[in-house]
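Below is query-v8.pdb, holding PDB, C-alpha atoms.
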```pdb
ATOM      1  CA  MET X  19      -7.735 -10.086 -10.125  1.00  0.00           C
ATOM      2  CA  ILE X  20      -6.576  -6.639 -11.133  1.00  0.00           C
ATOM      3  CA  LEU X  21      -3.025  -8.033 -11.237  1.00  0.00           C
ATOM      4  CA  PRO X  22      -3.347 -11.801 -10.864  1.00  0.00           C
ATOM      5  CA  THR X  23      -0.432 -13.805  -9.558  1.00  0.00           C
ATOM      6  CA  ASP X  24      -1.752 -17.298 -10.216  1.00  0.00           C
ATOM      7  CA  THR X  25      -3.380 -16.957 -13.668  1.00  0.00           C
ATOM      8  CA  ARG X  26      -2.456 -15.793 -17.123  1.00  0.00           C
ATOM      9  CA  PRO X  27      -1.563 -12.073 -17.218  1.00  0.00           C
ATOM     10  CA  GLU X  28      -3.633 -11.545 -20.374  1.00  0.00           C
ATOM     11  CA  LEU X  29      -6.738 -12.113 -18.242  1.00  0.00           C
ATOM     12  CA  SER X  30      -5.916  -9.249 -15.862  1.00  0.00           C
ATOM     13  CA  LEU X  31      -8.083  -6.146 -15.712  1.00  0.00           C
ATOM     14  CA  TYR X  32      -5.058  -4.004 -16.609  1.00  0.00           C
ATOM     15  CA  PHE X  33      -4.368  -5.929 -19.814  1.00  0.00           C
ATOM     16  CA  LEU X  34      -8.009  -6.140 -20.893  1.00  0.00           C
ATOM     17  CA  GLY X  35      -8.614  -2.519 -19.904  1.00  0.00           C
ATOM     18  CA  GLY X  36      -5.762  -1.521 -22.187  1.00  0.00           C
ATOM     19  CA  ILE X  37      -7.356  -3.365 -25.101  1.00  0.00           C
ATOM     20  CA  ILE X  38     -10.722  -1.707 -24.436  1.00  0.00           C
ATOM     21  CA  ILE X  39      -9.123   1.744 -24.292  1.00  0.00           C
ATOM     22  CA  GLN X  40      -7.251   1.022 -27.533  1.00  0.00           C
ATOM     23  CA  LYS X  41     -10.485  -0.007 -29.295  1.00  0.00           C
ATOM     24  CA  LEU X  42     -12.267   3.139 -28.077  1.00  0.00           C
ATOM     25  CA  GLU X  43      -9.367   5.347 -29.204  1.00  0.00           C
ATOM     26  CA  GLU X  44      -9.561   3.830 -32.698  1.00  0.00           C
ATOM     27  CA  ASN X  45     -13.064   5.294 -33.159  1.00  0.00           C
ATOM     28  CA  PRO X  46     -13.164   8.960 -34.208  1.00  0.00           C
ATOM     29  CA  ASP X  47     -15.721   9.932 -31.533  1.00  0.00           C
ATOM     30  CA  HIS X  48     -14.274   7.529 -28.902  1.00  0.00           C
ATOM     31  CA  THR X  49     -17.697   5.876 -28.573  1.00  0.00           C
ATOM     32  CA  ILE X  50     -18.863   2.373 -29.463  1.00  0.00           C
ATOM     33  CA  THR X  51     -21.803   0.172 -28.536  1.00  0.00           C
ATOM     34  CA  TRP X  52     -21.258  -2.385 -25.802  1.00  0.00           C
ATOM     35  CA  LEU X  53     -21.804  -5.350 -28.121  1.00  0.00           C
ATOM     36  CA  ASP X  54     -19.544  -4.014 -30.897  1.00  0.00           C
ATOM     37  CA  LEU X  55     -16.836  -3.281 -28.338  1.00  0.00           C
ATOM     38  CA  TYR X  56     -17.120  -6.795 -26.914  1.00  0.00           C
ATOM     39  CA  GLU X  57     -16.847  -8.350 -30.374  1.00  0.00           C
ATOM     40  CA  GLN X  58     -13.775  -6.249 -31.247  1.00  0.00           C
ATOM     41  CA  VAL X  59     -12.027  -7.078 -27.980  1.00  0.00           C
ATOM     42  CA  LYS X  60     -12.927 -10.763 -28.308  1.00  0.00           C
ATOM     43  CA  GLN X  61     -11.306 -10.865 -31.774  1.00  0.00           C
ATOM     44  CA  GLN X  62      -8.044  -9.717 -30.221  1.00  0.00           C
ATOM     45  CA  GLN X  63      -8.230 -11.591 -26.888  1.00  0.00           C
ATOM     46  CA  ALA X  64     -10.527 -14.456 -25.945  1.00  0.00           C
ATOM     47  CA  LEU X  65     -12.587 -13.569 -22.869  1.00  0.00           C
ATOM     48  CA  SER X  66     -15.974 -14.224 -21.302  1.00  0.00           C
ATOM     49  CA  HIS X  67     -18.867 -11.768 -21.058  1.00  0.00           C
ATOM     50  CA  LYS X  68     -18.370 -11.783 -17.298  1.00  0.00           C
ATOM     51  CA  LEU X  69     -14.703 -10.782 -17.505  1.00  0.00           C
ATOM     52  CA  PHE X  70     -15.466  -8.147 -20.156  1.00  0.00           C
ATOM     53  CA  GLN X  71     -18.176  -6.615 -17.950  1.00  0.00           C
ATOM     54  CA  LEU X  72     -15.919  -6.712 -14.897  1.00  0.00           C
ATOM     55  CA  THR X  73     -13.239  -4.844 -16.851  1.00  0.00           C
ATOM     56  CA  LEU X  74     -15.752  -2.229 -18.045  1.00  0.00           C
ATOM     57  CA  ASN X  75     -16.987  -1.787 -14.467  1.00  0.00           C
ATOM     58  CA  TRP X  76     -13.405  -1.266 -13.276  1.00  0.00           C
ATOM     59  CA  LEU X  77     -12.745   1.307 -16.041  1.00  0.00           C
ATOM     60  CA  HIS X  78     -15.966   3.088 -15.044  1.00  0.00           C
ATOM     61  CA  LEU X  79     -15.010   3.119 -11.360  1.00  0.00           C
ATOM     62  CA  ILE X  80     -11.676   4.776 -12.152  1.00  0.00           C
ATOM     63  CA  SER X  81     -13.441   7.318 -14.452  1.00  0.00           C
ATOM     64  CA  VAL X  82     -11.976   6.163 -17.749  1.00  0.00           C
ATOM     65  CA  VAL X  83     -15.256   5.216 -19.474  1.00  0.00           C
ATOM     66  CA  GLN X  84     -18.909   6.156 -19.154  1.00  0.00           C
ATOM     67  CA  VAL X  85     -22.148   4.997 -20.742  1.00  0.00           C
ATOM     68  CA  ASN X  86     -23.942   7.642 -22.797  1.00  0.00           C
ATOM     69  CA  SER X  87     -27.712   8.091 -23.127  1.00  0.00           C
ATOM     70  CA  GLU X  88     -27.795   5.816 -26.199  1.00  0.00           C
ATOM     71  CA  GLY X  89     -26.081   3.002 -24.288  1.00  0.00           C
ATOM     72  CA  GLY X  90     -22.714   3.424 -25.959  1.00  0.00           C
ATOM     73  CA  VAL X  91     -19.411   3.117 -24.113  1.00  0.00           C
ATOM     74  CA  VAL X  92     -17.541   6.448 -24.188  1.00  0.00           C
ATOM     75  CA  LEU X  93     -13.859   7.011 -23.493  1.00  0.00           C
ATOM     76  CA  VAL X  94     -13.750   9.871 -20.986  1.00  0.00           C
ATOM     77  CA  HIS X  95     -10.117  10.032 -20.012  1.00  0.00           C
ATOM     78  CA  GLN X  96      -8.150  10.167 -23.266  1.00  0.00           C
ATOM     79  CA  SER X  97      -4.428   9.590 -23.486  1.00  0.00           C
ATOM     80  CA  ALA X  98      -2.222  12.518 -24.467  1.00  0.00           C
TER      81      ALA X  98
END
```
Spit out the file's structure as structure tokens when you get a sec.
Amino acid sequence: MILPTDTRPELSLYFLGGIIIQKLEENPDHTITWLDLYEQVKQQQALSHKLFQLTLNWLHLISVVQVNSEGGVVLVHQSA
């Protein structure tokens, strides 16, 4: 699932994680609400809520994003 061999590559966690990181980097404070982030990602790449949440969970597990006290998704590990 992280790198699928039998499905479309644009549904991999790597690809979708890259889109999520890009959307977070576009915001000045690198923070966005979960729903706004989902809508922005969905405009660029069609995906289900389940796959979006799975990708966010993966990014959280590898310490790239966190959820702040207001429930916003925050980019923790920023690219140089």
Nearest to Lys68 of chain X by atom-to-atom distance, counting all atoms listed in the file, from X:Gln40, X:Arg26, X:Leu31, X:Ile50: X:Leu31
Ground truth for the PyMOL selection byres ((chain X and resi 69-80) around 9), written as a list in words: Ile20, Leu29, Ser30, Leu31, Tyr32, Leu34, Gly35, Ile38, Tyr56, Val59, Lys60, Leu65, Ser66, His67, Lys68, Ser81, Val82, Val83, Gln84, Val85 and Val91 of chain X
Residues within 10 Å of (-16.3, 5.1, -25.5), counting all atoms listed in the file, listed as number ranges by chain: X: 38-39, 41-45, 47-52, 55, 82-86, 90-96
Non-local contacts of Gln58 of chain X (10 Å; only C-alpha atoms; under 4 positions in same chain excluded) as a PyMOL selection string: chain X and resi 37-38+41+53-54+62-63
